[in-house]
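As structure tokens, the structure follows; a few thoughts come after it.
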Amino acid sequence: MRSENCLIFNHTSNSLIIIALYVDDGIMAGNTINAIEVKFSLNSGYVMKDLGQVRHILGCGVVCNTTTNALFCTQRLHILSAVK
């Protein structure tokens, strides 16, 4: 397992798990079966809460396009509140 500050990733020949952490927020991405195994392992050593698919993190909205498997980050709500 390799890491870069708040980014942790585990890459094998058949899977990739990426965990991005910031203080007490985290996002995990990867193969469903492997993600479940990693969540189970982390939950045995840390108090965690699974909030499901990411919608917001660090003040940004997150939109997932399941057709293209792409994630988009937006600050739409922040922009709209600044304009008013």
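In the structure tokens, the first chain shown is A, the next is B, and so on; residue numbers restart at 1 for each chain, and ligands run from 1 in the order shown.
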**OP:** Extract, using only C-alpha atoms, all DNA, RNA and protein residues at most 12 Å from region 45-52 of chain A, discarding same-chain residues fewer than 5 positions from it, and format them as a PyMOL selection string.
**Re:** chain A and resi 24-29+35-36+38-40+57
Serialized selection, C-alpha atoms, as a PDB file, in the first residue's frame:
```pdb
ATOM      1  CA  ASP A  24     -12.497  13.347   9.676  1.00  0.00           C
ATOM      2  CA  ASP A  25     -13.875  13.165   6.116  1.00  0.00           C
ATOM      3  CA  GLY A  26     -12.991  10.419   3.718  1.00  0.00           C
ATOM      4  CA  ILE A  27     -13.924   9.061   0.324  1.00  0.00           C
ATOM      5  CA  MET A  28     -13.215   5.564  -0.904  1.00  0.00           C
ATOM      6  CA  ALA A  29     -13.309   4.513  -4.542  1.00  0.00           C
ATOM      7  CA  ALA A  35     -14.144  -1.659  -1.094  1.00  0.00           C
ATOM      8  CA  ILE A  36     -16.375  -3.731   1.207  1.00  0.00           C
ATOM      9  CA  VAL A  38     -11.354  -2.490   3.073  1.00  0.00           C
ATOM     10  CA  LYS A  39     -14.301  -0.858   4.894  1.00  0.00           C
ATOM     11  CA  PHE A  40     -14.685  -3.956   7.074  1.00  0.00           C
ATOM     12  CA  ILE A  57     -17.235  16.749   0.737  1.00  0.00           C
TER      13      ILE A  57
END
```
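With only C-alpha atoms as the basis for measurement, A:Cys73 is the residue among A:Val83, A:Cys73, A:Leu7, A:Leu42 that approaches Gly61 (chain A) most closely.
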Subject >> Members of chain A assigned helix (DSSP H, G or I) by DSSP, as a PyMOL selection string >> reply: chain A and resi 32-45+76-83
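Coordinates place CA of Phe9 (chain A) at a distance of 22.0 Å from CA of Cys60 (chain A).
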